[in-house]
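Peer 1: Pasting structure36.pdb here (PDB, C-alpha atoms):
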```
ATOM      1  CA  MET W 548     -27.532 -16.876  -7.868
ATOM      2  CA  GLU W 549     -25.926 -13.662  -9.068
ATOM      3  CA  ILE W 550     -22.388 -12.447  -8.468
ATOM      4  CA  TYR W 551     -21.541  -8.760  -8.665
ATOM      5  CA  VAL W 552     -18.634  -7.876 -10.982
ATOM      6  CA  ALA W 553     -16.707  -4.590 -11.042
ATOM      7  CA  GLY W 554     -13.868  -3.863 -13.455
ATOM      8  CA  HIS W 555     -11.129  -1.260 -13.383
ATOM      9  CA  GLU W 556     -13.289   1.704 -14.391
ATOM     10  CA  GLU W 557     -16.051   0.819 -11.936
ATOM     11  CA  VAL W 558     -13.558   0.525  -9.077
ATOM     12  CA  GLU W 559     -12.047   3.924  -9.846
ATOM     13  CA  ARG W 560     -15.526   5.456  -9.940
ATOM     14  CA  LEU W 561     -16.773   3.811  -6.741
ATOM     15  CA  LEU W 562     -13.598   4.041  -4.636
ATOM     16  CA  PRO W 563     -12.290   7.626  -4.639
ATOM     17  CA  MET W 564      -9.138   8.136  -2.598
ATOM     18  CA  ALA W 565     -10.799  10.180   0.167
ATOM     19  CA  GLU W 566     -13.384   7.453   0.796
ATOM     20  CA  CYS W 567     -10.779   4.701   0.620
ATOM     21  CA  ILE W 568      -8.637   6.420   3.258
ATOM     22  CA  ASP W 569     -11.552   6.249   5.688
ATOM     23  CA  VAL W 570     -12.265   2.612   4.746
ATOM     24  CA  MET W 571      -8.618   1.658   5.311
ATOM     25  CA  GLU W 572      -8.487   3.391   8.681
ATOM     26  CA  GLU W 573     -11.457   1.336   9.871
ATOM     27  CA  ALA W 574      -9.971  -1.892   8.471
ATOM     28  CA  LEU W 575      -6.667  -1.316  10.286
ATOM     29  CA  LYS W 576      -8.521  -0.588  13.526
ATOM     30  CA  THR W 577     -10.501  -3.804  13.060
ATOM     31  CA  LEU W 578      -7.252  -5.734  12.686
ATOM     32  CA  ALA W 579      -5.785  -4.142  15.808
ATOM     33  CA  ARG W 580      -8.901  -5.088  17.791
ATOM     34  CA  GLY W 581      -8.334  -8.733  16.853
ATOM     35  CA  GLU W 582     -11.436  -8.928  14.661
ATOM     36  CA  ALA W 583      -9.717 -10.415  11.617
ATOM     37  CA  VAL W 584      -8.071 -13.658  10.527
ATOM     38  CA  LEU W 585      -5.102 -13.049   8.282
ATOM     39  CA  PRO W 586      -2.806 -15.913   7.193
ATOM     40  CA  LEU W 587       0.515 -15.024   5.640
ATOM     41  CA  ARG W 588       0.318 -14.751   1.871
ATOM     42  CA  GLN W 589       1.260 -17.651  -0.342
ATOM     43  CA  ALA W 590       3.140 -17.309  -3.607
ATOM     44  CA  VAL W 591       3.857 -19.549  -6.564
ATOM     45  CA  ARG W 592       6.931 -18.402  -8.474
ATOM     46  CA  GLN W 593       7.591 -19.242 -12.089
ATOM     47  CA  PRO W 594      10.748 -21.323 -12.584
ATOM     48  CA  ASP W 595      12.230 -18.592 -14.792
ATOM     49  CA  GLY W 596      11.755 -16.023 -11.997
ATOM     50  CA  LYS W 597       9.821 -13.703 -14.274
ATOM     51  CA  GLY W 598       6.710 -13.472 -12.112
ATOM     52  CA  LEU W 599       4.598 -15.015  -9.417
ATOM     53  CA  LEU W 600       1.012 -15.783  -8.480
ATOM     54  CA  GLY W 601       0.052 -14.584  -5.030
ATOM     55  CA  LEU W 602      -2.853 -15.744  -2.855
ATOM     56  CA  MET W 603      -3.971 -13.510   0.028
ATOM     57  CA  PRO W 604      -6.974 -14.954   1.954
ATOM     58  CA  ALA W 605      -8.613 -13.338   4.981
ATOM     59  CA  TYR W 606     -11.643 -12.953   7.218
ATOM     60  CA  LEU W 607     -12.702  -9.436   8.162
ATOM     61  CA  GLY W 608     -15.021  -8.863  11.097
ATOM     62  CA  GLN W 609     -16.279  -5.402  10.105
ATOM     63  CA  PRO W 610     -17.764  -5.532   7.556
ATOM     64  CA  ARG W 611     -18.151  -9.276   8.098
ATOM     65  CA  VAL W 612     -16.846 -10.949   4.965
ATOM     66  CA  LEU W 613     -14.576 -13.755   3.756
ATOM     67  CA  GLY W 614     -12.418 -13.458   0.701
ATOM     68  CA  ALA W 615      -9.102 -13.511  -1.051
ATOM     69  CA  LYS W 616      -7.034 -11.554  -3.495
ATOM     70  CA  VAL W 617      -5.515 -13.645  -6.280
ATOM     71  CA  VAL W 618      -2.959 -11.609  -8.173
ATOM     72  CA  THR W 619       0.037 -11.970 -10.448
ATOM     73  CA  VAL W 620       3.126  -9.842  -9.801
ATOM     74  CA  PHE W 621       5.386  -9.198 -12.787
ATOM     75  CA  GLY W 622       7.924  -6.495 -11.947
ATOM     76  CA  GLY W 623       9.279  -6.627 -15.490
ATOM     77  CA  ASN W 624       6.076  -5.036 -16.790
ATOM     78  CA  PHE W 625       7.643  -1.618 -16.199
ATOM     79  CA  GLY W 626       7.545   0.188 -19.550
ATOM     80  CA  THR W 627       4.966  -2.190 -21.080
ATOM     81  CA  PRO W 628       1.190  -1.713 -21.494
ATOM     82  CA  TYR W 629       0.611  -4.045 -18.519
ATOM     83  CA  GLU W 630       0.452  -3.296 -14.808
ATOM     84  CA  SER W 631       2.830  -5.125 -12.479
ATOM     85  CA  HIS W 632      -0.139  -6.382 -10.378
ATOM     86  CA  GLN W 633      -3.127  -8.022 -12.120
ATOM     87  CA  GLY W 634      -5.894 -10.171 -10.713
ATOM     88  CA  SER W 635      -9.161 -10.278  -8.776
ATOM     89  CA  VAL W 636     -10.527  -9.831  -5.280
ATOM     90  CA  LEU W 637     -13.125 -12.499  -4.450
ATOM     91  CA  LEU W 638     -15.761 -11.814  -1.772
ATOM     92  CA  TYR W 639     -17.964 -14.330   0.080
ATOM     93  CA  GLU W 640     -20.641 -13.830   2.717
ATOM     94  CA  CYS W 641     -20.162 -15.561   6.064
ATOM     95  CA  GLU W 642     -23.572 -17.149   6.689
ATOM     96  CA  HIS W 643     -23.720 -19.702   3.874
ATOM     97  CA  GLY W 644     -20.438 -19.070   2.069
ATOM     98  CA  ARG W 645     -22.135 -17.580  -0.994
ATOM     99  CA  PRO W 646     -19.854 -15.783  -3.448
ATOM    100  CA  LEU W 647     -20.778 -12.106  -3.550
ATOM    101  CA  ALA W 648     -18.400 -10.314  -5.881
ATOM    102  CA  ILE W 649     -15.428 -10.388  -8.223
ATOM    103  CA  VAL W 650     -13.586  -7.059  -8.240
ATOM    104  CA  ASP W 651     -10.586  -5.929 -10.292
ATOM    105  CA  ALA W 652      -7.531  -6.293  -8.059
ATOM    106  CA  GLY W 653      -5.290  -3.946 -10.018
ATOM    107  CA  ALA W 654      -7.401  -0.885  -9.303
ATOM    108  CA  ILE W 655      -8.111  -2.024  -5.741
ATOM    109  CA  THR W 656      -4.395  -2.491  -5.059
ATOM    110  CA  THR W 657      -3.403   0.897  -6.478
ATOM    111  CA  ILE W 658      -6.019   2.859  -4.568
ATOM    112  CA  ARG W 659      -5.951   1.035  -1.230
ATOM    113  CA  THR W 660      -2.146   0.999  -1.099
ATOM    114  CA  GLY W 661      -2.002   4.769  -1.381
ATOM    115  CA  ALA W 662      -4.883   5.084   1.071
ATOM    116  CA  VAL W 663      -3.137   2.931   3.719
ATOM    117  CA  THR W 664      -0.005   5.045   3.308
ATOM    118  CA  ALA W 665      -2.158   8.138   3.761
ATOM    119  CA  VAL W 666      -3.569   6.727   7.012
ATOM    120  CA  ALA W 667      -0.045   6.117   8.321
ATOM    121  CA  THR W 668       1.201   9.500   7.120
ATOM    122  CA  ARG W 669      -1.697  11.291   8.778
ATOM    123  CA  ALA W 670      -0.853   9.482  12.029
ATOM    124  CA  LEU W 671       2.956   9.853  11.938
ATOM    125  CA  ALA W 672       4.184  12.701   9.723
ATOM    126  CA  ARG W 673       4.566  16.237  11.049
ATOM    127  CA  ALA W 674       1.396  18.272  10.503
ATOM    128  CA  GLU W 675       3.204  20.900   8.408
ATOM    129  CA  ALA W 676       5.061  18.386   6.191
ATOM    130  CA  SER W 677       4.912  19.804   2.671
ATOM    131  CA  ASN W 678       7.921  18.563   0.665
ATOM    132  CA  LEU W 679       7.363  15.120  -0.860
ATOM    133  CA  ALA W 680       9.896  12.730  -2.412
ATOM    134  CA  LEU W 681       8.682   9.895  -4.622
ATOM    135  CA  LEU W 682      11.166   7.137  -5.415
ATOM    136  CA  GLY W 683       9.459   5.510  -8.365
ATOM    137  CA  SER W 684       7.292   6.984 -11.102
ATOM    138  CA  GLY W 685       4.869   4.185 -11.951
ATOM    139  CA  THR W 686       1.253   3.513 -11.044
ATOM    140  CA  GLN W 687       1.874   3.605  -7.299
ATOM    141  CA  ALA W 688       3.558   6.996  -7.611
ATOM    142  CA  ILE W 689       0.362   8.391  -9.139
ATOM    143  CA  GLY W 690      -1.755   6.946  -6.344
ATOM    144  CA  HIS W 691       0.635   8.039  -3.614
ATOM    145  CA  LEU W 692       0.845  11.581  -4.926
ATOM    146  CA  GLU W 693      -2.938  11.829  -4.656
ATOM    147  CA  ALA W 694      -2.934  10.167  -1.237
ATOM    148  CA  MET W 695      -0.221  12.414   0.237
ATOM    149  CA  CYS W 696      -1.950  15.532  -1.069
ATOM    150  CA  ALA W 697      -5.136  14.347   0.664
ATOM    151  CA  VAL W 698      -3.569  14.273   4.149
ATOM    152  CA  ARG W 699      -0.751  16.840   4.130
ATOM    153  CA  PRO W 700      -0.308  20.352   2.607
ATOM    154  CA  ILE W 701       2.061  19.244  -0.174
ATOM    155  CA  THR W 702       3.593  22.180  -2.045
ATOM    156  CA  SER W 703       6.575  20.604  -3.821
ATOM    157  CA  VAL W 704       7.418  17.144  -5.126
ATOM    158  CA  ARG W 705      10.657  15.620  -6.378
ATOM    159  CA  VAL W 706      10.437  12.328  -8.241
ATOM    160  CA  TRP W 707      13.199   9.888  -9.116
ATOM    161  CA  SER W 708      13.010   6.771 -11.259
ATOM    162  CA  ARG W 709      15.518   4.372 -12.755
ATOM    163  CA  SER W 710      14.293   5.890 -16.053
ATOM    164  CA  ILE W 711      14.788   9.668 -15.996
ATOM    165  CA  GLU W 712      12.595   9.937 -19.082
ATOM    166  CA  HIS W 713       9.743   8.210 -17.274
ATOM    167  CA  ALA W 714      10.224  10.476 -14.246
ATOM    168  CA  GLN W 715      10.152  13.556 -16.465
ATOM    169  CA  LYS W 716       6.929  12.457 -18.142
ATOM    170  CA  PHE W 717       5.398  11.783 -14.746
ATOM    171  CA  ALA W 718       6.453  15.216 -13.465
ATOM    172  CA  GLU W 719       5.137  17.091 -16.488
ATOM    173  CA  ARG W 720       1.807  15.250 -16.547
ATOM    174  CA  GLU W 721       1.085  15.420 -12.818
ATOM    175  CA  ALA W 722       2.281  19.020 -12.429
ATOM    176  CA  ALA W 723      -0.206  20.110 -15.096
ATOM    177  CA  ARG W 724      -2.975  17.968 -13.617
ATOM    178  CA  ARG W 725      -2.506  19.172 -10.042
ATOM    179  CA  ASN W 726      -1.074  22.661 -10.576
ATOM    180  CA  LEU W 727       1.782  21.626  -8.306
ATOM    181  CA  ASP W 728       5.566  22.077  -8.349
ATOM    182  CA  ILE W 729       6.780  18.615  -9.411
ATOM    183  CA  ARG W 730      10.326  18.065 -10.655
ATOM    184  CA  ALA W 731      12.141  15.006 -11.936
ATOM    185  CA  VAL W 732      15.643  14.544 -10.510
ATOM    186  CA  SER W 733      18.524  12.347 -11.590
ATOM    187  CA  SER W 734      19.244  10.588  -8.285
ATOM    188  CA  ALA W 735      17.391   9.204  -5.286
ATOM    189  CA  GLU W 736      19.565  11.386  -3.058
ATOM    190  CA  ALA W 737      18.474  14.542  -4.878
ATOM    191  CA  ALA W 738      14.851  13.577  -4.328
ATOM    192  CA  VAL W 739      15.237  12.747  -0.629
ATOM    193  CA  ARG W 740      17.465  15.558   0.657
ATOM    194  CA  ASP W 741      15.339  17.977   2.780
ATOM    195  CA  ALA W 742      12.109  16.082   2.034
ATOM    196  CA  ASP W 743       9.489  15.928   4.796
ATOM    197  CA  ILE W 744       7.825  12.778   3.444
ATOM    198  CA  ILE W 745       9.535  10.053   1.415
ATOM    199  CA  CYS W 746       7.636   7.267  -0.363
ATOM    200  CA  THR W 747       9.664   4.362  -1.753
ATOM    201  CA  LEU W 748       7.625   2.720  -4.507
ATOM    202  CA  THR W 749       9.995   0.472  -6.447
ATOM    203  CA  PRO W 750      10.647  -3.239  -7.044
ATOM    204  CA  ALA W 751      14.212  -2.782  -5.798
ATOM    205  CA  THR W 752      16.150  -5.826  -4.610
ATOM    206  CA  ALA W 753      18.875  -3.706  -2.956
ATOM    207  CA  PRO W 754      18.563  -0.516  -0.868
ATOM    208  CA  ILE W 755      17.841   2.732  -2.676
ATOM    209  CA  LEU W 756      17.328   4.875   0.443
ATOM    210  CA  ARG W 757      20.258   5.938   2.668
ATOM    211  CA  ALA W 758      20.035   7.181   6.250
ATOM    212  CA  GLU W 759      22.468  10.044   5.668
ATOM    213  CA  TRP W 760      20.011  11.650   3.239
ATOM    214  CA  LEU W 761      17.159  11.898   5.740
ATOM    215  CA  ALA W 762      16.377  15.269   7.300
ATOM    216  CA  PRO W 763      15.431  15.498  10.985
ATOM    217  CA  GLY W 764      11.681  15.013  11.385
ATOM    218  CA  ALA W 765      11.246  13.198   8.072
ATOM    219  CA  HIS W 766       8.649  10.479   7.639
ATOM    220  CA  VAL W 767       9.373   7.473   5.396
ATOM    221  CA  ASN W 768       6.758   5.231   3.794
ATOM    222  CA  ALA W 769       8.519   2.054   2.612
ATOM    223  CA  ILE W 770       5.953   0.544   0.275
ATOM    224  CA  GLY W 771       7.480  -1.079  -2.803
ATOM    225  CA  SER W 772       8.801  -4.363  -1.388
ATOM    226  CA  SER W 773       6.198  -6.879  -0.218
ATOM    227  CA  VAL W 774       7.899 -10.292  -0.395
ATOM    228  CA  PRO W 775      11.326 -11.641   0.636
ATOM    229  CA  GLY W 776      14.051 -10.843  -1.846
ATOM    230  CA  TYR W 777      13.032  -7.212  -2.283
ATOM    231  CA  ARG W 778      14.361  -4.337  -0.197
ATOM    232  CA  GLU W 779      14.359  -0.537  -0.501
ATOM    233  CA  THR W 780      15.868   0.795   2.756
ATOM    234  CA  GLU W 781      19.371   0.223   4.085
ATOM    235  CA  THR W 782      19.796  -1.075   7.623
ATOM    236  CA  ALA W 783      20.855   2.340   8.935
ATOM    237  CA  VAL W 784      17.516   3.856   7.844
ATOM    238  CA  VAL W 785      15.577   1.318   9.903
ATOM    239  CA  ALA W 786      17.947   1.623  12.859
ATOM    240  CA  ARG W 787      17.614   5.421  12.902
ATOM    241  CA  SER W 788      13.828   5.440  12.614
ATOM    242  CA  ARG W 789      10.885   4.959  14.930
ATOM    243  CA  VAL W 790       9.350   2.024  13.040
ATOM    244  CA  PHE W 791       5.689   1.114  12.576
ATOM    245  CA  VAL W 792       4.162  -1.600  10.386
ATOM    246  CA  ASP W 793       0.787  -2.544   8.963
ATOM    247  CA  ARG W 794       1.054  -5.947  10.687
ATOM    248  CA  ARG W 795       3.850  -7.208  12.891
ATOM    249  CA  GLU W 796       3.667 -10.904  11.864
ATOM    250  CA  SER W 797       3.781 -10.007   8.181
ATOM    251  CA  ALA W 798       6.740  -7.666   8.644
ATOM    252  CA  LEU W 799       8.748 -10.241  10.596
ATOM    253  CA  ASN W 800       8.124 -12.959   8.012
ATOM    254  CA  GLU W 801       7.975 -11.134   4.681
ATOM    255  CA  ALA W 802       9.725  -7.739   4.825
ATOM    256  CA  ASP W 803      13.458  -7.831   4.113
ATOM    257  CA  ASP W 804      13.559  -4.136   5.037
ATOM    258  CA  ILE W 805      12.956  -5.424   8.587
ATOM    259  CA  ARG W 806      14.241  -9.005   8.439
ATOM    260  CA  ILE W 807      17.764  -8.156   7.289
ATOM    261  CA  PRO W 808      18.476  -5.588  10.056
ATOM    262  CA  LEU W 809      17.138  -8.176  12.512
ATOM    263  CA  ARG W 810      19.364 -10.894  11.076
ATOM    264  CA  GLU W 811      22.346  -8.552  11.234
ATOM    265  CA  GLY W 812      21.655  -7.973  14.931
ATOM    266  CA  VAL W 813      21.389  -4.211  14.482
ATOM    267  CA  ILE W 814      17.818  -4.096  15.804
ATOM    268  CA  GLY W 815      15.602  -6.381  17.875
ATOM    269  CA  GLU W 816      11.922  -7.125  17.355
ATOM    270  CA  GLU W 817      11.084  -4.452  19.920
ATOM    271  CA  HIS W 818      12.368  -1.866  17.429
ATOM    272  CA  ILE W 819       8.962  -2.211  15.764
ATOM    273  CA  ARG W 820       7.017   0.188  17.986
ATOM    274  CA  GLY W 821       3.630  -1.100  16.891
ATOM    275  CA  GLU W 822       1.083  -1.641  14.151
ATOM    276  CA  ILE W 823      -0.502   1.447  12.667
ATOM    277  CA  GLY W 824      -3.929   0.228  13.805
ATOM    278  CA  GLU W 825      -2.658   0.271  17.398
ATOM    279  CA  VAL W 826      -1.609   3.891  16.918
ATOM    280  CA  LEU W 827      -5.065   4.748  15.561
ATOM    281  CA  LEU W 828      -6.711   3.158  18.596
ATOM    282  CA  GLY W 829      -4.426   5.065  20.965
ATOM    283  CA  ARG W 830      -2.812   1.885  22.299
ATOM    284  CA  VAL W 831       0.661   2.780  21.014
ATOM    285  CA  PRO W 832       2.126   6.311  20.801
ATOM    286  CA  GLY W 833       3.118   7.526  17.359
ATOM    287  CA  ARG W 834       5.642  10.289  16.678
ATOM    288  CA  ALA W 835       7.396  11.309  19.888
ATOM    289  CA  ASN W 836       8.815  14.669  18.756
ATOM    290  CA  GLU W 837       9.330  16.946  15.778
ATOM    291  CA  THR W 838      12.890  15.875  15.006
ATOM    292  CA  GLU W 839      12.785  12.070  15.060
ATOM    293  CA  VAL W 840      12.507  10.093  11.823
ATOM    294  CA  THR W 841       9.453   7.859  11.564
ATOM    295  CA  LEU W 842       9.114   4.915   9.186
ATOM    296  CA  PHE W 843       6.021   3.013   8.116
ATOM    297  CA  LYS W 844       6.703  -0.369   6.528
ATOM    298  CA  ALA W 845       3.701  -1.726   4.631
ATOM    299  CA  LEU W 846       3.392  -5.185   3.103
ATOM    300  CA  GLY W 847      -0.185  -4.837   1.883
ATOM    301  CA  LEU W 848      -2.819  -6.912   3.659
ATOM    302  CA  ALA W 849      -5.719  -9.001   2.394
ATOM    303  CA  ILE W 850      -8.113  -7.326   4.839
ATOM    304  CA  GLU W 851      -7.404  -4.041   3.048
ATOM    305  CA  ASP W 852      -8.382  -5.616  -0.268
ATOM    306  CA  LEU W 853     -11.528  -7.129   1.256
ATOM    307  CA  ALA W 854     -12.591  -3.865   2.886
ATOM    308  CA  ALA W 855     -12.042  -1.910  -0.319
ATOM    309  CA  ALA W 856     -13.793  -4.523  -2.474
ATOM    310  CA  TYR W 857     -16.758  -4.679  -0.098
ATOM    311  CA  HIS W 858     -17.076  -0.879  -0.293
ATOM    312  CA  VAL W 859     -17.139  -1.147  -4.091
ATOM    313  CA  TYR W 860     -19.661  -4.006  -3.923
ATOM    314  CA  ALA W 861     -22.076  -2.276  -1.535
ATOM    315  CA  LYS W 862     -21.852   1.106  -3.238
ATOM    316  CA  GLY W 863     -22.028  -0.367  -6.736
ATOM    317  CA  LYS W 864     -25.102  -2.437  -5.903
ATOM    318  CA  ALA W 865     -26.820   0.606  -4.380
ATOM    319  CA  GLN W 866     -26.036   2.830  -7.361
ATOM    320  CA  GLY W 867     -26.552   0.239 -10.094
ATOM    321  CA  VAL W 868     -22.913   0.464 -11.197
ATOM    322  CA  GLY W 869     -21.212  -2.750 -12.345
ATOM    323  CA  THR W 870     -22.629  -5.963 -13.753
ATOM    324  CA  SER W 871     -23.900  -9.314 -12.487
ATOM    325  CA  LEU W 872     -23.171 -12.910 -13.504
ATOM    326  CA  GLU W 873     -25.315 -15.960 -12.990
ATOM    327  CA  PHE W 874     -23.474 -18.497 -10.846
ATOM    328  CA  THR W 875     -24.162 -21.907  -9.337
ATOM    329  CA  GLY W 876     -24.134 -22.717  -5.644
ATOM    330  CA  GLN W 877     -27.808 -22.810  -4.670
ATOM    331  CA  ARG W 878     -29.603 -26.177  -4.478
ATOM    332  CA  HIS W 879     -32.731 -26.668  -6.548
ATOM    333  CA  GLY W 880     -35.568 -29.094  -5.913
TER     334      GLY W 880
END
```
In structure tokens, how does this file's structure come out?
Peer 2:
Amino acid sequence: MEIYVAGHEEVERLLPMAECIDVMEEALKTLARGEAVLPLRQAVRQPDGKGLLGLMPAYLGQPRVLGAKVVTVFGGNFGTPYESHQGSVLLYECEHGRPLAIVDAGAITTIRTGAVTAVATRALARAEASNLALLGSGTQAIGHLEAMCAVRPITSVRVWSRSIEHAQKFAEREAARRNLDIRAVSSAEAAVRDADIICTLTPATAPILRAEWLAPGAHVNAIGSSVPGYRETETAVVARSRVFVDRRESALNEADDIRIPLREGVIGEEHIRGEIGEVLLGRVPGRANETEVTLFKALGLAIEDLAAAYHVYAKGKAQGVGTSLEFTGQRHG
């Protein structure tokens, strides 16, 4: 029995952002229709607190596949040759439980995270939104810049990072690559003031985004924090915003951006207007007017990894891209 294997380069080749945006939209609709099984993620933390191993299993009804993402998260890798997220997405078919594929999780995570944000931005941000703020200048900032440019007419970008040198390098490199006005700024406030779209993409453990900085009609994508203990938005940001999530159960159990305002009694659970898949299906209204602030809180879901990995698997097999490994699992004799 053969298992398909795709590494980082194969994933980038087979999963361009535009295609991934469409794949993520369908996956989020599938979730909203109730055609997925999605346990909360499990994590094993090292005693020294340096990193963790995360397990994200799921069943996806369309395409019909079982699988899991197994990934390490080491936030301290900033400034090293290593990504913060490293691991594999494992795919299995649902008839006999045969393993189908092993796909690089780092590339999957980078591309599908930006693509999910693009789906939410396309659904919630004002159509003419053109000024983008990126809080963070790492791998996710690269992916989110591409994703935002794919769904809105971005003309200017301000980027802030805890390392101004890193932000400046990001700005210079991406401005030349995209022929776009991209500037590094020295504070998060300078990046956010007057921005139409704000993406928070950091491993912050305390808020970096303040409500007083937000312009009327802004859209916020709060992406960087995905487990308890990490938080990017202050309570007033959430309270001011019309809030949507990738999945309600995940947000209520894992997102301190939501859990802390709830615990403080500033908002109730009804403050979450709906899941983005419900907006896509027309079951929940999105933006109500041009002046309200909308916020999309994403945790990252295993069904997104499965959908992206299956796209890589099917496309790679059809095009002869990737490799195969012999594996046991089939009875002989």
Peer 1: Since I can't run it myself right now, could you work out what the PyMOL selection byres ((chain W and resi 626) around 12) selects here and report it as an MDAnalysis selection string?
Peer 2: chainID W and resid 621:625 627:631 684:686 708:710 712:714
Peer 1: For the PyMOL selection byres ((chain W and resi 751) around 7), applied here, can you spell out every residue it catches as a list in words?
Peer 2: Thr749, Pro750, Thr752, Ala753, Pro754, Tyr777, Arg778 and Glu779 of chain W
Peer 1: The PyMOL selection byres ((chain W and resi 758) around 10) - which residues does that actually catch in the file I just gave you? List them as a list of chain:residue names.
Peer 2: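 Evaluating the PyMOL selection byres ((chain W and resi 758) around 10) on this file yields W:Leu756, W:Arg757, W:Glu759, W:Trp760, W:Leu761, W:Ala762, W:Thr780, W:Glu781, W:Thr782, W:Ala783, W:Val784, W:Val785, W:Ala786, W:Arg787, W:Ser788, W:Val840.
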Peer 1: Grab the CA of Cys567 (chain W) to CA of Asp804 (chain W) distance for me, in Å with one decimal place.
Peer 2: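 About the pair CA of Cys567 (chain W) and CA of Asp804 (chain W): they are 26.3 Å apart.
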Peer 1: Tell me which residues come within 10 Å of (-13.1, -5.8, 14.7), as a list in words, counting all atoms listed in the file in the file's coordinates.
Peer 2: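 Those residues, ordered by chain and then number, are Glu573, Ala574, Leu575, Lys576, Thr577, Leu578, Ala579, Arg580, Gly581, Glu582, Ala583, Leu607, Gly608, Gln609, Pro610 and Arg611 of chain W.
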Peer 1: Tell me which residues come within 9 Å of (-21.9, -9.7, -3.0), as a ChimeraX atom specification, counting all atoms listed in the file in the file's coordinates.
Peer 2: /W:549-552,638-640,645-649,857,860-861,864
